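One file, upload28.txt, is given below (compact mmCIF, C-alpha atoms and all ligand atoms).
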# COMPACT_ATOMS: atom_id res chain seq x y z
CA MET A 1 0.00 0.00 0.00
CA ILE A 2 1.65 3.26 -1.09
CA PRO A 3 -0.96 5.99 -0.89
CA ALA A 4 0.21 9.38 -2.13
CA GLN A 5 0.23 12.62 -0.25
CA CYS A 6 -3.15 14.17 -0.91
CA SER A 7 -3.46 16.97 -3.40
CA CYS A 8 -4.34 19.58 -0.76
CA GLY A 9 -0.89 19.03 0.75
CA ASN A 10 -2.26 17.30 3.83
CA ILE A 11 -0.36 14.28 4.95
CA SER A 12 -2.97 11.59 4.87
CA ALA A 13 -3.00 8.80 7.37
CA GLY A 14 -2.37 6.56 4.41
CA SER A 15 0.98 8.19 3.84
CA PHE A 16 2.17 6.56 7.05
CA PHE A 17 3.53 3.78 4.92
CA TYR A 18 2.89 0.32 6.14
CA ALA A 19 5.82 -2.02 6.17
CA HIS A 20 5.79 -4.58 3.43
CA ASP A 21 8.48 -7.12 2.73
CA SER A 22 9.18 -5.66 -0.66
CA PHE A 23 10.24 -2.29 0.78
CA SER A 24 13.80 -1.56 1.70
CA THR A 25 14.48 -0.71 5.33
CA ALA A 26 18.16 -0.15 4.68
CA ASN A 27 18.09 3.51 5.70
CA VAL A 28 16.32 2.98 8.98
CA PRO A 29 18.49 3.28 12.07
CA ALA A 30 18.65 0.04 14.02
CA GLY A 31 16.12 -0.21 16.80
CA THR A 32 14.02 2.77 15.71
CA LEU A 33 10.48 2.27 16.96
CA ASP A 34 11.20 -1.44 16.96
CA ALA A 35 8.62 -2.30 19.58
CA PHE A 36 5.88 -0.36 17.88
CA CYS A 37 6.17 -0.26 14.14
CA THR A 38 8.48 -0.65 11.20
CA PRO A 39 9.71 2.63 9.79
CA ILE A 40 10.79 2.89 6.17
CA HIS A 41 12.92 5.75 4.87
CA LEU A 42 11.27 7.33 1.83
CA SER A 43 11.66 11.00 0.87
CA ALA A 44 11.93 14.09 3.03
CA GLN A 45 8.32 14.96 2.20
CA GLN A 46 6.95 11.65 3.33
CA ILE A 47 6.34 10.35 6.77
CA VAL A 48 8.21 7.18 7.51
CA VAL A 49 6.35 5.68 10.43
CA ALA A 50 4.13 2.61 10.15
CA PHE A 51 1.39 1.87 12.65
CA GLU A 52 0.57 -1.78 12.15
CA MET A 53 0.53 -2.62 15.84
CA ALA A 54 -1.33 0.57 16.65
CA GLY A 55 -3.96 -0.33 14.08
CA ALA A 56 -4.47 -3.76 15.63
CA LEU A 57 -4.58 -2.21 19.07
CA PHE A 58 -7.17 0.36 18.03
CA CYS A 59 -9.35 -2.40 16.58
CA GLU A 60 -9.20 -4.25 19.89
CA TRP A 61 -9.87 -1.09 21.86
CA LEU A 62 -12.84 -0.18 19.68
CA LEU A 63 -14.20 -3.69 20.09
CA VAL A 64 -14.04 -3.75 23.88
CA SER A 65 -14.83 -0.10 24.50
CA PRO A 66 -18.17 0.10 26.32
CA ASP A 67 -19.32 3.02 24.17
CA ASN A 68 -17.07 3.37 21.18
CA SER A 69 -19.32 5.95 19.55
CA MET A 70 -18.06 8.58 21.99
CA GLY A 71 -14.56 10.00 21.77
CA ARG A 72 -12.34 9.92 24.83
CA VAL A 73 -11.57 13.39 26.11
CA ILE A 74 -8.13 13.72 27.70
CA ALA A 75 -7.15 16.97 29.44
CA VAL A 76 -3.38 17.54 29.59
CA ALA A 77 -3.06 19.49 32.81
CA ASN A 78 -0.58 20.60 35.44
CA GLN A 79 -0.74 24.07 36.92
CA LYS A 80 3.06 24.14 37.03
CA GLY A 81 4.41 26.06 34.04
CA GLY A 82 6.79 24.71 31.41
CA VAL A 83 6.47 21.01 32.28
CA GLY A 84 5.65 19.92 28.73
CA LYS A 85 1.84 20.12 28.62
CA THR A 86 1.65 21.67 25.15
CA THR A 87 4.44 19.50 23.74
CA THR A 88 2.58 16.47 25.10
CA ALA A 89 -0.84 17.62 23.84
CA ILE A 90 0.40 18.32 20.29
CA ASN A 91 2.50 15.20 19.91
CA LEU A 92 0.09 12.81 21.59
CA ALA A 93 -2.76 14.10 19.42
CA ALA A 94 -0.58 13.81 16.31
CA SER A 95 0.38 10.24 17.27
CA PHE A 96 -3.29 9.24 17.67
CA ALA A 97 -4.08 10.85 14.30
CA ALA A 98 -1.16 9.09 12.66
CA ALA A 99 -2.60 5.80 13.88
CA GLU A 100 -5.60 6.58 11.67
CA VAL A 101 -8.10 7.67 14.29
CA ASN A 102 -9.87 10.99 14.07
CA THR A 103 -8.40 13.24 16.73
CA LEU A 104 -9.20 16.76 17.85
CA LEU A 105 -6.74 18.98 19.71
CA VAL A 106 -8.37 21.84 21.61
CA ASP A 107 -6.16 24.73 22.65
CA CYS A 108 -7.57 25.90 26.00
CA ASP A 109 -4.64 28.19 26.82
CA PRO A 110 -4.57 31.93 26.04
CA GLN A 111 -0.83 31.56 25.32
CA SER A 112 -2.02 29.70 22.18
CA ASN A 113 1.14 27.60 21.99
CA ALA A 114 -0.67 24.52 20.66
CA THR A 115 -2.19 26.73 17.93
CA SER A 116 1.12 28.25 16.84
CA GLY A 117 2.85 24.90 17.35
CA LEU A 118 0.68 23.47 14.58
CA GLY A 119 1.55 26.36 12.27
CA PHE A 120 -1.40 28.73 12.75
CA VAL A 121 -0.58 32.42 13.07
CA LYS A 122 -2.35 34.54 15.66
CA ASP A 123 -5.68 35.79 14.35
CA PRO A 124 -8.22 37.46 16.67
CA GLU A 125 -10.92 37.18 13.97
CA ARG A 126 -10.67 33.39 13.71
CA VAL A 127 -13.28 31.38 15.61
CA SER A 128 -11.50 29.98 18.65
CA SER A 129 -11.97 28.33 22.04
CA TYR A 130 -12.84 31.81 23.35
CA HIS A 131 -15.95 31.90 21.15
CA LEU A 132 -16.87 28.38 22.30
CA LEU A 133 -16.71 29.34 25.97
CA MET A 134 -18.66 32.53 25.38
CA GLY A 135 -21.35 30.64 23.46
CA ALA A 136 -20.64 32.77 20.39
CA ALA A 137 -19.80 29.86 18.06
CA SER A 138 -20.29 26.13 17.81
CA GLY A 139 -17.52 23.55 17.99
CA GLU A 140 -18.17 22.75 14.33
CA GLU A 141 -17.51 26.38 13.36
CA ALA A 142 -14.21 26.40 15.25
CA LEU A 143 -12.70 23.29 13.63
CA LEU A 144 -9.52 23.73 11.59
CA THR A 145 -7.94 21.04 9.47
CA THR A 146 -4.21 20.47 9.90
CA GLU A 147 -1.30 19.00 7.99
CA LEU A 148 -2.25 15.56 9.30
CA GLU A 149 -5.41 14.37 7.62
CA GLN A 150 -6.94 12.92 10.79
CA LEU A 151 -5.98 15.72 13.14
CA TRP A 152 -8.22 18.76 13.68
CA LEU A 153 -7.58 21.78 15.86
CA ILE A 154 -9.78 24.19 17.75
CA PRO A 155 -7.40 27.11 18.09
CA SER A 156 -6.99 29.62 20.87
CA HIS A 157 -6.22 33.30 21.03
CA LYS A 158 -4.94 35.49 23.82
CA ASN A 159 -8.44 37.01 24.15
CA LEU A 160 -9.28 33.72 25.92
CA ILE A 161 -7.75 35.22 29.05
CA GLY A 162 -10.81 37.51 29.18
CA ALA A 163 -13.15 34.51 29.45
CA ASN A 164 -11.93 33.94 33.02
CA LEU A 165 -13.43 37.32 33.98
CA GLU A 166 -16.30 37.50 31.52
CA LEU A 167 -17.71 34.16 32.70
CA VAL A 168 -17.36 34.82 36.39
CA ASP A 169 -21.11 35.33 36.95
CA ALA A 170 -22.33 33.35 33.94
CA ASP A 171 -24.75 30.46 34.24
CA GLY A 172 -23.14 27.02 34.00
CA ARG A 173 -19.75 28.64 33.54
CA GLU A 174 -17.88 25.39 34.32
CA PHE A 175 -19.83 23.45 31.68
CA ARG A 176 -19.26 25.76 28.71
CA LEU A 177 -16.53 23.67 27.07
CA ARG A 178 -18.23 20.36 27.80
CA ASP A 179 -21.46 21.58 26.21
CA ALA A 180 -19.64 22.99 23.19
CA LEU A 181 -17.74 19.74 22.59
CA ALA A 182 -20.73 17.43 23.14
CA PRO A 183 -21.93 17.55 19.48
CA LEU A 184 -18.39 16.67 18.30
CA ARG A 185 -17.73 13.70 20.55
CA ASP A 186 -19.05 11.05 18.20
CA ARG A 187 -16.82 12.35 15.38
CA PHE A 188 -13.49 11.91 17.15
CA GLN A 189 -12.00 8.91 18.89
CA PHE A 190 -9.75 11.21 20.92
CA ILE A 191 -10.16 14.82 21.98
CA VAL A 192 -7.01 16.23 23.62
CA LEU A 193 -7.28 19.45 25.65
CA ASP A 194 -4.17 21.57 26.23
CA CYS A 195 -4.63 23.43 29.53
CA PRO A 196 -3.00 26.64 30.76
CA PRO A 197 -0.56 26.62 33.71
CA ALA A 198 -3.19 27.60 36.27
CA LEU A 199 -6.09 26.06 38.13
CA ASP A 200 -8.39 28.72 36.75
CA LEU A 201 -11.82 28.64 35.09
CA LEU A 202 -10.23 27.56 31.80
CA THR A 203 -8.61 24.49 33.36
CA LEU A 204 -11.81 23.86 35.31
CA ASN A 205 -13.79 23.86 32.05
CA ALA A 206 -11.29 21.40 30.56
CA LEU A 207 -11.49 19.08 33.59
CA VAL A 208 -15.29 19.15 33.55
CA ALA A 209 -15.28 18.34 29.82
CA ALA A 210 -12.72 15.53 30.20
CA ASP A 211 -13.00 11.82 30.82
CA ALA A 212 -9.48 11.75 32.22
CA VAL A 213 -6.47 13.91 33.04
CA LEU A 214 -2.97 13.25 31.75
CA ILE A 215 -0.42 14.95 33.99
CA PRO A 216 2.99 15.73 32.48
CA MET A 217 5.70 16.15 35.09
CA GLN A 218 9.30 17.14 34.63
CA GLY A 219 11.76 14.61 36.01
CA GLU A 220 13.36 16.92 38.58
CA TYR A 221 13.35 17.53 42.30
CA PHE A 222 10.23 19.45 43.37
CA ALA A 223 8.37 17.60 40.59
CA LEU A 224 5.68 16.83 43.16
CA GLU A 225 5.43 20.45 44.23
CA GLY A 226 1.86 21.63 43.72
CA ILE A 227 0.67 18.18 42.73
CA SER A 228 -1.51 17.78 45.82
CA GLU A 229 -3.32 20.98 44.81
CA LEU A 230 -4.01 19.49 41.38
CA LEU A 231 -5.17 16.19 42.90
CA ASP A 232 -7.42 18.09 45.35
CA THR A 233 -8.92 20.00 42.42
CA ILE A 234 -9.55 16.74 40.56
CA GLU A 235 -11.25 15.33 43.69
CA ARG A 236 -13.45 18.40 44.07
CA ILE A 237 -14.45 18.27 40.40
CA ARG A 238 -15.29 14.58 40.79
CA ALA A 239 -17.42 15.32 43.84
CA ALA A 240 -19.34 18.25 42.38
CA LEU A 241 -19.12 18.56 38.62
CA ASN A 242 -17.77 15.50 36.82
CA PRO A 243 -17.96 12.21 38.77
CA GLU A 244 -16.52 10.27 35.83
CA LEU A 245 -13.21 12.18 35.75
CA GLY A 246 -10.29 9.77 35.99
CA ILE A 247 -6.51 10.04 35.90
CA GLU A 248 -5.22 8.82 32.56
CA GLY A 249 -1.67 8.80 33.81
CA VAL A 250 1.37 10.76 34.86
CA VAL A 251 4.06 11.11 32.23
CA LEU A 252 7.66 12.11 32.91
CA THR A 253 8.87 14.71 30.42
CA MET A 254 12.32 16.10 29.57
CA PHE A 255 13.61 12.99 31.27
CA ASP A 256 17.27 12.00 31.28
CA GLU A 257 17.22 8.38 32.39
CA ARG A 258 21.03 8.21 32.64
CA THR A 259 21.27 10.41 35.70
CA ASN A 260 20.92 9.19 39.27
CA LEU A 261 18.70 12.16 39.99
CA ALA A 262 16.25 11.17 37.28
CA GLN A 263 16.13 7.61 38.60
CA GLN A 264 15.49 8.85 42.14
CA VAL A 265 12.70 11.15 40.95
CA MET A 266 11.15 8.32 38.96
CA ALA A 267 11.25 6.03 42.03
CA GLU A 268 9.61 8.76 44.11
CA LEU A 269 6.85 9.29 41.53
CA LYS A 270 6.31 5.53 41.19
CA ASN A 271 5.89 5.38 44.94
CA PHE A 272 3.37 8.20 44.86
CA PHE A 273 1.38 7.33 41.73
CA GLY A 274 1.86 3.56 41.43
CA GLU A 275 0.39 2.19 38.20
CA LYS A 276 -0.71 5.66 37.13
CA LEU A 277 2.91 6.51 36.32
CA CYS A 278 3.25 5.86 32.59
CA ARG A 279 5.90 3.34 31.54
CA THR A 280 6.77 5.65 28.69
CA THR A 281 9.04 8.55 29.54
CA VAL A 282 9.72 11.45 27.19
CA PRO A 283 13.43 12.31 26.88
CA ARG A 284 14.77 15.81 26.56
CA ASN A 285 15.03 16.03 22.80
CA ILE A 286 15.96 19.01 20.68
CA ARG A 287 13.60 17.97 17.86
CA LEU A 288 10.63 18.30 20.22
CA ALA A 289 11.74 21.83 21.07
CA GLU A 290 12.39 22.77 17.42
CA ALA A 291 9.25 21.31 15.85
CA PRO A 292 6.76 24.01 17.08
CA SER A 293 8.84 26.79 15.53
CA HIS A 294 8.29 25.01 12.19
CA GLY A 295 4.57 24.67 12.99
CA LYS A 296 4.76 20.90 12.98
CA ALA A 297 4.27 17.95 15.30
CA ALA A 298 7.55 16.14 15.92
CA LEU A 299 6.46 13.08 13.95
CA VAL A 300 6.03 15.28 10.90
CA TYR A 301 9.13 17.39 11.53
CA ASP A 302 11.44 14.48 12.28
CA PRO A 303 9.60 11.16 12.55
CA ARG A 304 12.75 9.28 13.47
CA SER A 305 13.65 11.49 16.42
CA LYS A 306 13.62 10.07 19.94
CA GLY A 307 11.03 12.69 20.84
CA ALA A 308 8.58 11.65 18.12
CA GLU A 309 9.16 8.00 18.99
CA SER A 310 8.44 8.55 22.68
CA TYR A 311 5.07 10.18 21.98
CA ILE A 312 4.10 7.37 19.61
CA ARG A 313 4.90 4.98 22.47
CA LEU A 314 2.86 7.06 24.88
CA ALA A 315 -0.13 6.97 22.51
CA LYS A 316 0.24 3.20 22.30
CA GLU A 317 0.42 2.89 26.10
CA ILE A 318 -2.71 5.00 26.56
CA ILE A 319 -4.60 2.90 24.01
CA GLU A 320 -3.44 -0.27 25.79
CA ARG A 321 -4.62 1.10 29.13
CA GLN A 322 -7.98 1.86 27.58
CA ALA A 323 -8.27 -1.62 26.15
CA LEU A 324 -7.41 -3.11 29.57
CA ALA A 325 -9.82 -0.84 31.43
CA ALA A 326 -12.61 -1.56 28.96
CA GLY A 327 -11.87 -5.29 29.24
CA ALA A 328 -12.00 -5.12 33.04
CA GLN A 329 -15.28 -3.22 32.90
CA ALA A 330 -16.74 -5.75 30.50
CA SER A 331 -15.58 -8.59 32.77
CA GLU A 332 -17.45 -7.06 35.72
CA THR A 333 -20.72 -7.50 33.87
CA PHE A 334 -19.72 -10.83 32.34
CA THR A 335 -20.27 -13.32 35.16
CA THR A 336 -20.88 -17.04 35.09
CA GLU A 337 -24.60 -17.57 34.79
CA GLY A 338 -26.38 -18.57 38.01
CA THR A 339 -23.35 -18.47 40.30
CA GLY A 340 -22.41 -14.83 39.94
CA GLU A 341 -18.83 -16.09 39.93
CA HIS A 342 -16.41 -13.63 38.43
CA ARG A 343 -14.60 -14.97 35.37
CA GLY A 344 -11.75 -12.47 35.28
CA GLU A 345 -10.79 -10.40 32.28
CA PRO A 346 -12.62 -11.72 29.20
CA THR A 347 -10.84 -12.33 25.97
CA VAL A 348 -11.94 -10.55 22.82
CA GLU A 349 -13.54 -13.85 21.70
CA GLU A 350 -15.52 -14.09 24.95
CA ILE A 351 -16.84 -10.56 24.52
CA ARG A 352 -17.80 -11.32 20.94
CA ALA A 353 -19.52 -14.52 22.07
CA ALA A 354 -21.36 -12.60 24.79
CA GLY A 355 -22.59 -10.17 22.15
CA GLU A 356 -23.87 -13.09 20.04
CA MET A 357 -25.67 -14.57 23.09
CA ASP A 358 -27.34 -11.19 23.73
CA LYS A 359 -28.61 -11.10 20.16
CA THR A 360 -30.15 -14.56 20.35
CA ALA A 361 -31.61 -14.09 23.86
P1 LIG A 401 3.09 26.29 29.90
O1 LIG A 401 2.88 25.93 31.33
O2 LIG A 401 3.73 27.63 29.72
O3 LIG A 401 1.87 26.11 29.06
P2 LIG A 401 3.94 23.73 29.04
O4 LIG A 401 3.75 22.95 30.28
O5 LIG A 401 2.89 23.65 28.00
O6 LIG A 401 4.20 25.26 29.37
P3 LIG A 401 5.77 23.27 26.92
O7 LIG A 401 5.45 24.57 26.28
O8 LIG A 401 5.30 22.03 26.27
O9 LIG A 401 5.34 23.29 28.44
O10 LIG A 401 7.34 23.11 27.11
C1 LIG A 401 8.11 24.15 27.73
C2 LIG A 401 9.40 24.31 26.92
O11 LIG A 401 10.14 23.11 26.99
C3 LIG A 401 9.16 24.58 25.44
O12 LIG A 401 10.17 25.44 24.98
C4 LIG A 401 9.29 23.20 24.80
O13 LIG A 401 9.72 23.27 23.45
C5 LIG A 401 10.35 22.56 25.68
N1 LIG A 401 10.18 21.12 25.79
C6 LIG A 401 9.08 20.45 26.21
N2 LIG A 401 9.29 19.14 26.23
C7 LIG A 401 10.56 18.96 25.80
C8 LIG A 401 11.39 17.81 25.59
N3 LIG A 401 10.95 16.58 25.87
N4 LIG A 401 12.64 18.00 25.13
C9 LIG A 401 13.11 19.26 24.89
N5 LIG A 401 12.39 20.36 25.07
C10 LIG A 401 11.13 20.22 25.52
MG MG A 402 1.49 25.12 27.35

Represent the supplied structure as structure tokens.
Ligand code: ATP
Ligand code: MG
Amino acid sequence: MIPAQCSCGNISAGSFFYAHDSFSTANVPAGTLDAFCTPIHLSAQQIVVAFEMAGALFCEWLLVSPDNSMGRVIAVANQKGGVGKTTTAINLAASFAAAEVNTLLVDCDPQSNATSGLGFVKDPERVSSYHLLMGAASGEEALLTTELEQLWLIPSHKNLIGANLELVDADGREFRLRDALAPLRDRFQFIVLDCPPALDLLTLNALVAADAVLIPMQGEYFALEGISELLDTIERIRAALNPELGIEGVVLTMFDERTNLAQQVMAELKNFFGEKLCRTTVPRNIRLAEAPSHGKAALVYDPRSKGAESYIRLAKEIIERQALAAGAQASETFTTEGTGEHRGEPTVEEIRAAGEMDKTA
């Protein structure tokens, strides 16, 4: 399968060339993305990452997901500044899109770094997340297509900072984003929200709209500083506004695994967060820092960079977690008839069989 770049200049999901025996992999550095996919060096214009395993994984996830018609909304949040929220939001969203699932990135930060990081210049006239929160435009009207065929963006503008004040006495002010995104949820498998570095009304709107929070943390001492405030906020939102809000995971960013300090910080975070600490860590990587100034996600700017690779791995890990969680949820309702005995995590075949039994019942 060698689909061409589409005529509009977008990089279609199909241009993430799948590995076939007949293609040469001679130019691919050893070990690149080995656990995830088989990259093939083509031309500078073409993306060289294949997503065979991701595709299989998505199929499994879609099969076991309790309600696969609704996209999963992930808020990337940490009120600490400069920890890699925007870098994570852009590159995670791009990695989902590259795995051929429709993905929406919503810039919820007046700094508009996710907007400029995908190559959009500042434009106060453009419909943005500000208009969504103010009820002045629909989500549909705010959608922008991007260089990746399956990635859309709702941009931001610095006027968003005004929403914090303008909404202070507004009805349902915490639900504005959730309500605006509701009509879009069945069109995207993932909706990624890039939050500002504050626990303000903008972050609150994102956390009320989200199914789960992904917390990027820099691998340094004081990494945990302020984290209890974020966790308290999440608890309060669960109690009052969004009982379904979960923690997607905690991801270590700008991580240098070779240092003792980094290892100590990782051990401390593992102790604190347990299984919520993502296996994938994101290294400090110059390509990740350069890519936004070219208006590109790292996997478009330099798909073979360690930075791009780490976010592809993170996307894969999040999909795996979803598949596991959905499997566990399905197993809770799938008990041995009559005894109520729990059968453990069902296989995909068991879930399929259960579906067939339902149809014939
Ligand atoms: P803010 O709180 O201001 O919104 P943020 O949490 O969104 O910041 P980013 O903007 O993603 O953080 O990153 C802060 C800076 O660090 C940026 O210059 C970014 O390019 C750089 N950066 C982020 N992650 C990495 C990385 N893994 N390797 C190298 N540079 C990185
Ligand atoms: Mg940011």

Within 12 Å of ligand MG 402 (chain A) (counting all atoms listed in the file), which residues show up? I'd like them as a PyMOL selection string.
chain A and resi 76-90+106-117+156+193-198+203+216+292

I'd like the contact shell of Gly162 of chain A - 10 Å cut-off, only C-alpha atoms, skipping same-chain residues fewer than 4 positions apart - returned as an MDAnalysis selection string.
chainID A and resid 110 130 158 166:167

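The nearest approach to ligand LIG 401 (chain A) among the residues A:Asp169, A:Glu244, A:Asp256, A:Glu229, with all atoms listed in the file taken into account, belongs to A:Asp256.
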
List the neighbours of segment 267-270 of chain A out to 10 Å using all atoms listed in the file; skip same-chain residues closer than 6 positions along the sequence, and give me the result as a list in words.
Met217, Gly219, Tyr221, Ala223, Leu224, Val250, Val251, Leu252, Leu261, Lys276, Leu277, Cys278 and Arg279 of chain A

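Closest to Gly295 of chain A among A:Leu105, A:Leu118, A:Ile215, A:Ala240 is A:Leu118, based on only C-alpha atoms.
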
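Rounded to one decimal, atom CA of Ala262 of chain A and atom CA of Leu214 of chain A lie 20.1 Å from each other.
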
Compile the contact shell of Leu241 of chain A as a PyMOL selection string: residues with an atom at most 9 Å away, counting only C-alpha atoms, same-chain residues fewer than 3 positions apart removed.
chain A and resi 174-175+208+236-238

If you count only C-alpha atoms and all ligand atoms, the residue of A:Leu148, A:Ser129, A:Asn91, A:Lys122 closest to ligand LIG 401 (chain A) turns out to be A:Asn91
